[in-house]
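Coordinates from run.tsv are shown below (TSV, C-alpha atoms).
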chain	number	residue	atom	x	y	z
I	388	GLY	CA	31.18	-52.46	174.32
I	389	GLU	CA	30.07	-52.29	170.75
I	390	ALA	CA	26.42	-52.46	169.74
I	391	SER	CA	27.06	-55.90	168.19
I	392	ASP	CA	27.88	-57.23	171.68
I	393	ASP	CA	24.64	-55.91	173.17
I	394	PRO	CA	22.16	-58.78	173.78
I	395	LEU	CA	19.21	-56.45	173.21
I	396	VAL	CA	20.55	-55.38	169.82
I	397	ALA	CA	21.19	-59.05	168.95
I	398	SER	CA	17.61	-59.98	169.91
I	399	ILE	CA	16.14	-57.13	167.90
I	400	THR	CA	18.28	-58.09	164.91
I	401	ASP	CA	17.21	-61.74	165.18
I	402	TYR	CA	13.55	-60.74	165.53
I	403	MET	CA	13.69	-58.49	162.47
I	404	ALA	CA	15.44	-61.24	160.50
I	405	LEU	CA	12.69	-63.69	161.50
I	406	LEU	CA	10.04	-61.23	160.34
I	407	ASP	CA	11.93	-60.42	157.15
I	408	THR	CA	12.12	-64.09	156.18
I	409	SER	CA	8.50	-64.79	157.12
I	410	TRP	CA	5.60	-64.80	154.69
I	411	THR	CA	2.35	-62.84	154.69
I	412	THR	CA	-1.00	-64.63	154.89
I	413	GLY	CA	-1.44	-63.99	151.17
I	414	GLU	CA	1.91	-65.54	150.31
I	415	VAL	CA	1.12	-68.61	152.41
I	416	ALA	CA	-2.33	-68.90	150.83
I	417	ASP	CA	-0.64	-68.93	147.41
I	418	LEU	CA	1.94	-71.47	148.62
I	419	LEU	CA	-0.71	-73.84	149.99
I	420	LYS	CA	-3.18	-73.09	147.18
I	421	VAL	CA	-5.98	-72.05	149.52
I	422	ASP	CA	-7.93	-68.88	150.22
I	423	VAL	CA	-6.47	-66.28	152.61
I	424	SER	CA	-9.47	-66.82	154.90
I	425	ARG	CA	-8.34	-70.43	155.39
I	426	ILE	CA	-4.89	-69.24	156.49
I	427	ARG	CA	-6.49	-66.82	158.96
I	428	GLN	CA	-8.64	-69.66	160.29
I	429	ARG	CA	-5.60	-71.89	160.73
I	430	LEU	CA	-3.82	-69.10	162.60
I	431	ARG	CA	-6.80	-68.75	164.95
I	432	GLU	CA	-6.95	-72.49	165.60
I	433	ARG	CA	-3.14	-72.61	166.04
I	434	SER	CA	-2.47	-75.10	163.27
I	435	LEU	CA	-0.15	-72.48	161.76
I	436	TYR	CA	2.12	-70.13	163.68
I	437	GLY	CA	1.94	-66.40	163.08
I	438	ILE	CA	3.58	-63.30	164.45
I	439	GLU	CA	1.58	-60.10	164.73
I	440	TYR	CA	3.63	-57.26	163.29
I	441	ASP	CA	2.62	-53.84	162.05
I	442	GLY	CA	-1.06	-54.76	161.73
I	443	GLU	CA	-0.55	-58.01	159.86
I	444	ARG	CA	0.36	-61.61	160.56
I	445	ARG	CA	3.70	-62.97	159.40
I	446	LEU	CA	4.25	-66.73	159.19
I	447	PRO	CA	7.82	-67.96	159.75
I	448	ARG	CA	9.08	-70.15	156.92
I	449	LEU	CA	10.36	-72.78	159.35
I	450	GLN	CA	6.85	-74.31	159.40
I	451	PHE	CA	6.83	-75.01	155.66
I	452	GLU	CA	8.82	-77.25	153.38
I	453	ARG	CA	8.45	-77.58	149.60
I	454	GLY	CA	4.96	-76.13	149.46
I	455	HIS	CA	3.61	-78.10	152.41
I	456	VAL	CA	3.08	-77.54	156.11
I	457	LEU	CA	5.61	-79.24	158.38
I	458	PRO	CA	4.26	-82.70	159.32
I	459	GLY	CA	2.86	-82.75	162.86
I	460	LEU	CA	2.88	-78.96	163.19
I	461	ARG	CA	-0.74	-78.78	164.35
I	462	GLU	CA	-0.10	-81.25	167.19
I	463	VAL	CA	3.11	-79.54	168.30
I	464	LEU	CA	1.64	-76.03	168.26
I	465	ALA	CA	-1.32	-77.25	170.30
I	466	VAL	CA	0.95	-77.98	173.27
I	467	LEU	CA	3.61	-75.26	172.95
I	468	PRO	CA	2.80	-72.40	175.35
I	469	GLU	CA	0.82	-69.81	173.40
I	470	ALA	CA	2.59	-66.83	174.97
I	471	LEU	CA	6.09	-67.84	173.82
I	472	ASN	CA	8.28	-65.20	172.25
I	473	PRO	CA	8.58	-65.81	168.47
I	474	LEU	CA	12.37	-66.08	168.78
I	475	ASP	CA	11.95	-68.84	171.38
I	476	VAL	CA	9.58	-70.70	169.06
I	477	ALA	CA	11.99	-70.44	166.13
I	478	GLU	CA	14.96	-71.47	168.26
I	479	TRP	CA	13.07	-74.44	169.69
I	480	PHE	CA	12.11	-75.74	166.25
I	481	LEU	CA	15.55	-75.18	164.69
I	482	THR	CA	18.03	-76.11	167.44
I	483	PRO	CA	19.31	-79.68	167.70
I	484	ASN	CA	17.76	-81.37	170.72
I	485	PRO	CA	19.70	-84.08	172.60
I	486	ASP	CA	16.43	-86.02	173.04
I	487	LEU	CA	16.06	-86.30	169.25
I	488	GLU	CA	18.92	-88.45	168.05
I	489	LEU	CA	19.32	-90.22	164.75
I	490	GLY	CA	22.37	-92.40	164.89
I	491	ASP	CA	24.72	-90.53	167.15
I	492	LYS	CA	23.66	-87.04	166.07
I	493	ALA	CA	21.11	-84.76	167.74
I	494	ILE	CA	18.73	-83.06	165.30
I	495	SER	CA	16.17	-80.28	165.62
I	496	PRO	CA	12.44	-80.87	166.09
I	497	ARG	CA	11.92	-79.51	162.57
I	498	GLN	CA	14.41	-81.96	161.07
I	499	TRP	CA	12.87	-84.80	163.10
I	500	LEU	CA	9.40	-84.07	161.74
I	501	LEU	CA	10.64	-83.63	158.17
I	502	ARG	CA	12.27	-87.07	158.36
I	503	GLY	CA	8.89	-88.58	159.21
I	504	GLU	CA	9.88	-89.57	162.74
I	505	SER	CA	7.38	-89.78	165.60
I	506	VAL	CA	5.24	-86.67	166.02
I	507	ALA	CA	4.39	-87.86	169.55
I	508	THR	CA	8.05	-87.58	170.55
I	509	VAL	CA	8.19	-83.92	169.52
I	510	VAL	CA	4.80	-83.25	171.12
I	511	GLU	CA	6.16	-84.55	174.44
I	512	LEU	CA	9.20	-82.29	174.14
I	513	ALA	CA	6.94	-79.33	173.34
I	514	ARG	CA	4.74	-80.20	176.33
I	515	GLY	CA	7.82	-79.88	178.57
I	516	PHE	CA	8.95	-76.54	177.09
I	517	GLU	CA	9.88	-74.04	179.78

Conversion result in structure tokens:
Amino acid sequence: GEASDDPLVASITDYMALLDTSWTTGEVADLLKVDVSRIRQRLRERSLYGIEYDGERRLPRLQFERGHVLPGLREVLAVLPEALNPLDVAEWFLTPNPDLELGDKAISPRQWLLRGESVATVVELARGFE
């Protein structure tokens, strides 16, 4: 088979794309108009999600919207397993979930939170993540 059909190559490509579209702690500090030390503190307390890469932390953009942190992120991150692979975290936040329906359409946990729907609902889904 071709390299493009190789699941390992696909995972590596996805991981590098996630890193490439993530922000540094400095960029997030500028975005949120706070000091870099505050971003590092929030990473330690798991109210922001970071990926360790090449000696620095990268913060996936999926947790931000229009200069703000995703509503309910702190509560959701508190119950998601800490050892999850970054690709699993991104996929979980971005993939439509059949338990999160608006009308007759399933939406992702990220979309659910951005719409101002119940944080507790997403927290329960995160608690059951396997």

Let me have the centre and edge lengths of the axis-aligned box enclosing all listed atoms of range 465-475 of chain I with 8 Å padding on every side, in Å to one decimal, as JSON.
{"center_x": 5.5, "center_y": -71.6, "center_z": 171.9, "size_x": 29.7, "size_y": 28.8, "size_z": 22.9}

Legend entry - Proximity to Tyr436 in chain I - best of I:Asp401, I:Asp407, I:Glu469, I:Asp393, only C-alpha atoms: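 Among the listed residues, I:Glu469 lies closest to Tyr436 in chain I.
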
Legend entry - Nearest-residue call for Leu501 in chain I, choices I:Trp479, I:Trp410, I:Phe516, I:Phe451, using all atoms listed in the file: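 Of I:Trp479, I:Trp410, I:Phe516, I:Phe451, the one nearest Leu501 in chain I is I:Phe451, counting all atoms listed in the file.
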
Inset, instruction - Find, counting all atoms listed in the file, the residue in I:Leu418, I:Arg425, I:Arg445, I:Leu500 that gets nearest to Leu457 in chain I. - result: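 Distance minimum relative to Leu457 in chain I lands on I:Leu500.
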
Inset, instruction - With a distance cut-off of 7 Å and all atoms listed in the file, select the neighbouring residues of Val510 in chain I, excluding the residue or stretch itself and same-chain residues fewer than 3 positions from it, and output the selection as a PyMOL selection string. - result: chain I and resi 462-463+466+506-507+513-514

Legend entry - Selected residue of minimal separation from Gly503 in chain I among I:Leu481, I:Gly459, I:Pro473, I:Gly442, counting all atoms listed in the file: I:Gly459

Inset, instruction - Tell me, in Å to one decimal, how far CA of Lys492 in chain I is from CA of Ala465 in chain I. - result: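 Here the two named atoms are 27.2 Å from each other.
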
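For the pair CA of Leu487 in chain I and CA of Gln450 in chain I, the interatomic distance is 18.0 Å.
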
Inset, instruction - Measure the distance from CA of Asp486 in chain I to CA of Arg433 in chain I in Å and round it to one decimal. - result: 24.7 Å

Inset, instruction - Mind checking which residues fall within 12 Å of Pro485 in chain I, counting only C-alpha atoms, ignoring those fewer than 2 positions away in the same chain, and posting them as a list in words? - result: Thr482, Pro483, Leu487, Glu488, Leu489, Gly490, Asp491, Lys492, Ala493, Ile494, Ser495, Pro496, Trp499, Val509 and Leu512 of chain I

Inset, instruction - Using only C-alpha atoms, give me every residue within 12 Å of (3.7, -65.2, 152.9) in file coordinates, as an MDAnalysis selection string. - result: chainID I and resid 406:420 423 426:427 436:438 443:451 454

Legend entry - From I:Arg461, I:Val476, I:Ser398, I:Ala470, residue lying nearest Glu432 in chain I [only C-alpha atoms]: I:Arg461

Taking the block above, write range 421-446 of chain I with C-alpha atoms as a tab-separated table (two decimals), in the first residue's frame.
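Once written, decode07.tsv looks like this:
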chain	number	residue	atom	x	y	z
I	421	VAL	CA	-2.82	37.97	30.50
I	422	ASP	CA	0.77	37.24	31.49
I	423	VAL	CA	2.45	34.06	30.22
I	424	SER	CA	2.81	32.91	33.84
I	425	ARG	CA	-1.00	32.85	34.11
I	426	ILE	CA	-1.21	30.57	31.06
I	427	ARG	CA	1.38	28.24	32.58
I	428	GLN	CA	-0.61	28.20	35.82
I	429	ARG	CA	-3.81	27.35	33.96
I	430	LEU	CA	-2.01	24.52	32.16
I	431	ARG	CA	-0.84	23.12	35.50
I	432	GLU	CA	-4.32	23.31	37.00
I	433	ARG	CA	-5.83	21.81	33.81
I	434	SER	CA	-8.14	24.71	33.02
I	435	LEU	CA	-6.39	24.92	29.64
I	436	TYR	CA	-5.18	21.98	27.57
I	437	GLY	CA	-1.59	21.84	26.38
I	438	ILE	CA	0.60	19.46	24.44
I	439	GLU	CA	4.25	19.14	25.35
I	440	TYR	CA	6.30	19.32	22.16
I	441	ASP	CA	9.96	20.07	21.59
I	442	GLY	CA	10.43	21.63	25.03
I	443	GLU	CA	7.39	23.89	24.93
I	444	ARG	CA	3.65	23.70	25.45
I	445	ARG	CA	1.31	24.08	22.52
I	446	LEU	CA	-2.37	24.88	23.10
